[in-house]
Each structure stands twice: as C-alpha cells, then as structure tokens.
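Here's the structure, in structure tokens; my notes come after.
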Amino acid sequence: MTAPPGACAGRRRNERPGGNAIDLPRCHRLPWISRWFFEGTQAARVTIRPAMTLNLAKLVFWGVRGSTPTLERDTWRYGGNTPCLEFTAPDGTRFILDCGTGLRMLGNQLTQTVRGHGIRAHILVTHYHWDHIQGIPFFHPFFEAQNNFHFYSFQSKYLGPDSLQKVLQAQLASPYFPVDVSMMTAGREFREVTGGEKWEVNGTRITAAWLNHPQGCLGYRFDTAGGSVVYATDNEPGVPELDQSLRQLAHGADVLIYDAQYSPEQLATDRKGWGHSSWLEGVKIAREAKVRNLILFHHDPDSPDKMIDSFLSAARQEFPSTWAATEGMSITLSERGVGVVMRESRLGQRRRIRFSATVSGLSEDGTAFEEKATVRDLSLQGAYLCLNSHPRLQSEMRVVIEAADDQKRSSLLSLRGTVVHFDLGREKTQNGVGVVFIEDPDPGHPRD
C-alpha cells in the first residue's frame with residue numbers, strides 16, 4: 001500500500017551533500033533522494049546524490065515458492081511462482097538466478113523495458129529439478145534473435161556432458177511442448193562449472209559451492225562494488241564438509257538467500273532427507289558466517305502466508321535482520337548499506353477517507369508501540385496510515401478503527417495487517433505506512 005496521490009501534502013527541505021537544499025513533496029520525491037537502508041539490525045535514513053561514484057546493485061525476486069507453483073488465495077501475499085531472481089550489478093550486467101515460473105514475468109518485463117533492443121544476461125541455474133527450470137519455455141526473450149544469454153550450471157552424472165543444454169532441449173521436446181528448441185532464436189552459450197570454481201563477469205566475482213540436495217545443487221556468491229549476495233537455495237544441513245563450505249561461501253555477505261522450506265520440526269522428522277532446510281538453520285548460518293541480512297526463501301507450496309509469517313517472526317527473535325522473500329520485493333546494495341522495498345500492492349478499488357484509529361505493532365528496533373493514527377486511504381485489502389512511529393517492513397500490525405454509527409454509539413473494526421510500505425507522512429514528525437490486511441484465525445467461519 002503505497003501513498004495515495006495527494007495523501008501527504010506537505011513539503012520538506014532536503015540537503016544534498018555538497019549541494020544546495022532542494023524542496024520536494026514528502027511522498028513524491030525523486031527516487032534517488034532518500035531511501036531506508038538497513039545494516040545489521042540498525043536502520044538509518046541516508047541522503048543519496050546522483051553521483052557516478054555510487055556503486056548500486058539491485059536484486060529483484062520474481063519467484064520465491066519451492067517445488068511447485070501455487071494459486072491458493074492464502075499464498076498470494078508472498079507469491080506462488082517458483083524460483084527466479086534478477087540481480088543487476090553496479091555496471092549494469094544482468095544475472096538471472098534459476099528459471100522457475102517467475103522467469104515468465106521477468107521476460108515480459110524485460111521485453112517491455114528494452115522495446116526491441118537486445119537483452120544480454122547471464123543465467124545461473126542451481127540444479128535441474130523442475131521447479132528451477134520450468135519457466136524456460138515461457139521466457140519470451142529466448143525466442144527473439146537480437147538477444148543473447150550465457151548459461152552456467154554443473155555437469156550432472158545422470159545427464160553427462162552438456163547437461164544444461166540437454167535440459168533446455170528437453171523442456172521443449174515432443175510430446176511435452178508444441179514447438180522444439182529450434183524456435184529459440186536468441187544466442188545461447190553454455191559453461192559447465194563446479195563447486196569451488198571462481199570466475200569473473202564484467203567485474204562481478206562469482207564463486208560456486210556444492211550444497212546438499214538430491215542429484216546435486218550449486219550455491220552462488222556474487223561480490224560486487226556495491227555489496228555481496230549469496231544464493232543458497234535447496235540445501236539440507238547435516239553433511240559436515242558441505243555445512244562448512246556453505247559457511248565459507250556466506251562469510252561476511254551483505255545478503256544471504258537461504259532455503260527455509262520447512263519448520264525445524266518437519267526437518268527433524270517427516271521431511272528429513274528431502275533436501276531442504278528451515279528458518280532455524282538459516283539463522284545459525286547467518287550468525288556463524290557473520291551475514292548482515294538473511295532472506296528466507298523457497299517457501300513450501302503447502303505453507304500458507306500465515307505460516308511464513310510465523311517463520312519470519314521466529315527468525316527475527318533470533319536474528320533481527322531477517323526478511324521473508326516476497327514476489328516483487330527488491331533489495332539494493334551500495335556503499336551506504338542494504339535497502340529493502342516491498343512490491344506495489346495498491347490493488348482494487350480504494351476510498352479516500354479520514355478515520356481515527358488505534359495502531360499497535362513493532363518498531364524498526366523491535367520495541368512495541370501503540371498510538372492514535374489517521375487512516376487516509378482504505379480498501380478491502382489494505383490501508384494507508386499516518387503514524388509517528390516507524391514500524392518495520394513485514395512486521396505485524398493491529399489497526400482498530402472507530403466507526404461512528406450515530407452520535408450515541410460507535411463500533412470498533414479491528415483489523416490485522418502486515419507492513420508493506422514506509423515513507424514520510426504529511427507532517428514533519430509523521431510517517432506514511434502502507435498495510436495489507438491479513439485474515440484473523442476464525443475456524444468457525446465458512447470459506448466462501
């Protein structure tokens with residue numbers, strides 16, 4: 001829930017280092033002026049000038065679900081597409097991590113953005129299970145001759161040499177797909193890599209390491225001038241040499257994206273041996289490897305949003321700089337720190353209102369707060385609030401709205417939500433907060 005047009009009407013002064021003060025609307029400033037950056041457990045507002053010296057890398061999540069895509073309404077908030085991430089290095093080099101169903105949406109976005117110009121990208125596939133390759137036939141840029149892609153993955157003992165080429169061809173083989181791989185006119189180059197291998201692409205240093213997963217899997221580390229990202233999905237702890245290798249790969253990383261498909265209880269019992277991990281194992285690795293930010297990833301298709309909420313809440317009790325991967329979520333890395341932004345969530349019909357409400361939740365430093373607030377914008381899915389407090393992204397919040405029926409009586413509407421947006425509010429001491437409402441447990445209420 002981002003700020004509605006005109007909701008935060010005031011203006012403020014913003015000093016740029018080495019420059020003059022500029023006057024900007026609080027909620028509609030230029031994107032380079034101000035961001036929230038998170039370093040460890042601390043948060044600080046920094047002012048960024050559009051200087052050539054700023055090394056900015058960006059990570060976007062296009063698919064975060066594991067095993068199979070989901071469509072159920074109780075999984076829509078985190079998303080149902082299988083793994084696909086887009087990582088753009090400070091020099092503009094684009095990397096695509098895995099080719100799950102999220103790849104289709106990324107392809108559509110790239111096609112609309114470049115508008116006929118060639119797309120260049122390096123595609124790193126962690127392994128060959130379906131949920132990591134099933135988006136390949138639906139990635140439109142593969143079917144356009146002006147585009148060029150470099151593929152990287154390992155040689156499978158089940159497939160032999162040129163494993164990734166064989167996997168790509170099989171995705172479009174008869175009788176499973178109406179056209180064959182010859183329809184893919186984009187340039188394609190393939191490189192087989194192995195655990196422990198290091199290489200460089202336009203200044204980005206890449207390291208591969210073996211993970212513990214049936215039929216093999218690679219984790220990747222990207223070191224750039226803006227920061228470091230480790231992508232370690234599909235890993236089950238318990239093999240000492242691989243556990244140690246993963247900690248070495250993740251050591252000191254700004255961002256660790258880690259498999260948290262199961263609960264610790266599931267991992268210890270009926271899901272042991274399935275090749276996945278839990279939020280608790282992610283916390284252990286993040287602590288021991290001195291990681292700055294942990295991203296819980298590869299959500300189980302049978303885990304509703306409220307279960308992922310519980311994993312995130314538990315993980316933050318142990319390692320506060322934890323986030324749950326969400327489709328459309330983006331992470332920026334630079335010398336100034338790591339910034340997290342949730343996807344656009346202003347969906348459905350909206351009504352401009354002005355209601356008083358009591359809001360309670362957790363602030364960025366983890367302390368509880370409760371305050372009177374103004375609801376400025378409301379839909380059945382969420383609201384936009386003006387608060388004095390600074391609630392943390394992806395934290396839970398309770399909004400109690402007092403709706404007056406007449407002068408003699410009033411009724412309270414209590415809504416549970418999660419924070420998806422933060423920005424300056426209409427007064428100097430207030431903040432604009434976007435909330436998406438989530439269902440309260442109500443076992444007695446029939447599903448419609």
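Chains: A, B, ... in order of the structure tokens. Residues: from 1 per chain. Ligands: from 1, in order shown.
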
Identify, on the basis of only C-alpha atoms, every residue whose closest approach to Phe319 of chain A does not exceed 8 Å; exclude the query and any residue fewer than 6 positions from it along the same chain; express the result as a list in words.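 The neighbour list is Val283, Ala286 and Arg287 of chain A.
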
Spatial neighbours of segment 85-98 of chain A, max dist 7 Å, only C-alpha atoms, sep filter under 2 positions, as a VMD selection string: chain A and resid 55 to 63 83 100 121 to 126 132 to 133 224 to 226

Same residues, N, CA and C atoms, saved as an mmCIF file, in the first residue's frame:
```cif
data_model
loop_
_atom_site.group_PDB
_atom_site.id
_atom_site.type_symbol
_atom_site.label_atom_id
_atom_site.label_comp_id
_atom_site.auth_asym_id
_atom_site.auth_seq_id
_atom_site.Cartn_x
_atom_site.Cartn_y
_atom_site.Cartn_z
ATOM 1 N N ASN A 55 28.107 2.962 -6.209
ATOM 2 C CA ASN A 55 28.024 1.622 -6.783
ATOM 3 C C ASN A 55 26.753 0.957 -6.264
ATOM 4 N N LEU A 56 25.745 0.850 -7.107
ATOM 5 C CA LEU A 56 24.444 0.347 -6.694
ATOM 6 C C LEU A 56 24.138 -0.958 -7.419
ATOM 7 N N ALA A 57 23.921 -2.012 -6.656
ATOM 8 C CA ALA A 57 23.464 -3.289 -7.194
ATOM 9 C C ALA A 57 22.026 -3.513 -6.750
ATOM 10 N N LYS A 58 21.274 -4.270 -7.536
ATOM 11 C CA LYS A 58 19.860 -4.470 -7.223
ATOM 12 C C LYS A 58 19.456 -5.922 -7.449
ATOM 13 N N LEU A 59 18.684 -6.425 -6.499
ATOM 14 C CA LEU A 59 18.175 -7.794 -6.556
ATOM 15 C C LEU A 59 16.654 -7.744 -6.541
ATOM 16 N N VAL A 60 16.009 -8.446 -7.471
ATOM 17 C CA VAL A 60 14.543 -8.482 -7.539
ATOM 18 C C VAL A 60 14.087 -9.945 -7.507
ATOM 19 N N PHE A 61 13.068 -10.218 -6.696
ATOM 20 C CA PHE A 61 12.531 -11.572 -6.560
ATOM 21 C C PHE A 61 11.312 -11.730 -7.481
ATOM 22 N N TRP A 62 11.422 -12.640 -8.452
ATOM 23 C CA TRP A 62 10.324 -12.905 -9.381
ATOM 24 C C TRP A 62 9.589 -14.205 -9.063
ATOM 25 N N GLY A 63 10.226 -15.091 -8.323
ATOM 26 C CA GLY A 63 9.598 -16.330 -7.881
ATOM 27 C C GLY A 63 10.258 -16.781 -6.596
ATOM 28 N N PRO A 83 11.240 -20.548 -8.159
ATOM 29 C CA PRO A 83 12.388 -19.651 -8.034
ATOM 30 C C PRO A 83 12.889 -18.979 -9.308
ATOM 31 N N GLY A 100 12.615 -20.815 -12.686
ATOM 32 C CA GLY A 100 11.282 -21.282 -12.321
ATOM 33 C C GLY A 100 10.204 -20.469 -13.015
ATOM 34 N N ALA A 121 22.120 -11.262 -20.797
ATOM 35 C CA ALA A 121 22.043 -11.715 -19.410
ATOM 36 C C ALA A 121 22.843 -12.989 -19.219
ATOM 37 N N HIS A 122 23.284 -13.178 -17.973
ATOM 38 C CA HIS A 122 23.985 -14.391 -17.568
ATOM 39 C C HIS A 122 23.055 -15.175 -16.652
ATOM 40 N N ILE A 123 22.767 -16.424 -17.030
ATOM 41 C CA ILE A 123 21.768 -17.231 -16.325
ATOM 42 C C ILE A 123 22.472 -18.349 -15.567
ATOM 43 N N LEU A 124 22.332 -18.333 -14.237
ATOM 44 C CA LEU A 124 22.952 -19.340 -13.387
ATOM 45 C C LEU A 124 21.866 -20.240 -12.810
ATOM 46 N N VAL A 125 21.945 -21.524 -13.143
ATOM 47 C CA VAL A 125 20.959 -22.497 -12.694
ATOM 48 C C VAL A 125 21.580 -23.308 -11.566
ATOM 49 N N THR A 126 20.876 -23.389 -10.430
ATOM 50 C CA THR A 126 21.428 -24.098 -9.276
ATOM 51 C C THR A 126 21.398 -25.612 -9.467
ATOM 52 N N HIS A 132 13.001 -25.334 -10.803
ATOM 53 C CA HIS A 132 14.059 -24.371 -11.111
ATOM 54 C C HIS A 132 14.313 -24.214 -12.612
ATOM 55 N N ILE A 133 13.569 -24.968 -13.434
ATOM 56 C CA ILE A 133 13.758 -24.872 -14.889
ATOM 57 C C ILE A 133 12.440 -24.763 -15.652
ATOM 58 N N THR A 224 30.359 -7.686 -5.628
ATOM 59 C CA THR A 224 30.384 -6.512 -6.495
ATOM 60 C C THR A 224 30.887 -5.312 -5.696
ATOM 61 N N ALA A 225 31.099 -4.210 -6.398
ATOM 62 C CA ALA A 225 31.493 -2.969 -5.725
ATOM 63 C C ALA A 225 30.382 -2.449 -4.825
ATOM 64 N N GLY A 226 29.135 -2.851 -5.080
ATOM 65 C CA GLY A 226 28.015 -2.410 -4.251
ATOM 66 C C GLY A 226 27.788 -3.268 -3.021
#
```

Within 6 Å of segment 227-242 of chain A using only C-alpha atoms, minus same-chain residues under 3 positions, as a ChimeraX atom specification: /A:211-213,219-224,245,253-259,275-277,333-334

What is the distance between atom CA of Gln112 of chain A and atom CA of Phe139 of chain A, in Å to one decimal? 12.9 Å

Could you pull the residues within 9 Å of Gln146 of chain A, counting only C-alpha atoms, minus those fewer than 6 positions along the same chain, as a PyMOL selection string? chain A and resi 116-119+185-187

Would you mind listing what lies within 12 Å of Leu168 of chain A as a ChimeraX atom specification, with only C-alpha atoms counted and same-chain residues fewer than 5 positions away left out? /A:99,125,128,130,132-139,142,151,153,162-163,173,177,180-182,184,188,190

What residues in segment 183-347 of chain A get the DSSP label strand (DSSP E or B)? Please answer as an MDAnalysis selection string. chainID A and resid 187:192 198:201 204:210 218:223 228:232 255:259 262 278 293:297 299 322:324 330:334 337:341

Gap from atom CA of Arg343 of chain A to atom CA of Lys306 of chain A - Å, one decimal: 18.3 Å

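Using only C-alpha atoms, the smallest distance between any of A:Val399, A:Val114, A:Leu106, A:Val201 and His150 of chain A comes from A:Val201.
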
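Among A:Asn147, A:Arg398, A:Ser360, A:His251, the residue with the shortest atom-to-atom distance to Leu110 of chain A, counting only C-alpha atoms, is A:Asn147.
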
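What separates atom CA of Val436 of chain A from atom CA of Leu280 of chain A is a distance of 26.4 Å.
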
Could you find all residues in segment 17-207 of chain A that DSSP calls helix (DSSP H, G or I) from the backbone, and write them as a ChimeraX atom specification? /A:73-75,102-114,130-132,136-138,140-143,163-171,181-183

Nearest to Lys198 of chain A by atom-to-atom distance, counting only C-alpha atoms, from A:Leu424, A:Tyr176, A:Leu249, A:Asn388: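 Distance minimum relative to Lys198 of chain A lands on A:Leu249.
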
Within 9 Å of Ser363 of chain A using only C-alpha atoms, minus same-chain residues under 2 positions, as an NGL selection string: :A and (361 or 365-369 or 389-392 or 395)

Counting only C-alpha atoms, the residue of A:Trp323, A:Tyr78, A:Phe149, A:Phe143 that sits nearest Asp300 of chain A: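 For Asp300 of chain A, the nearest of the given residues is A:Tyr78.
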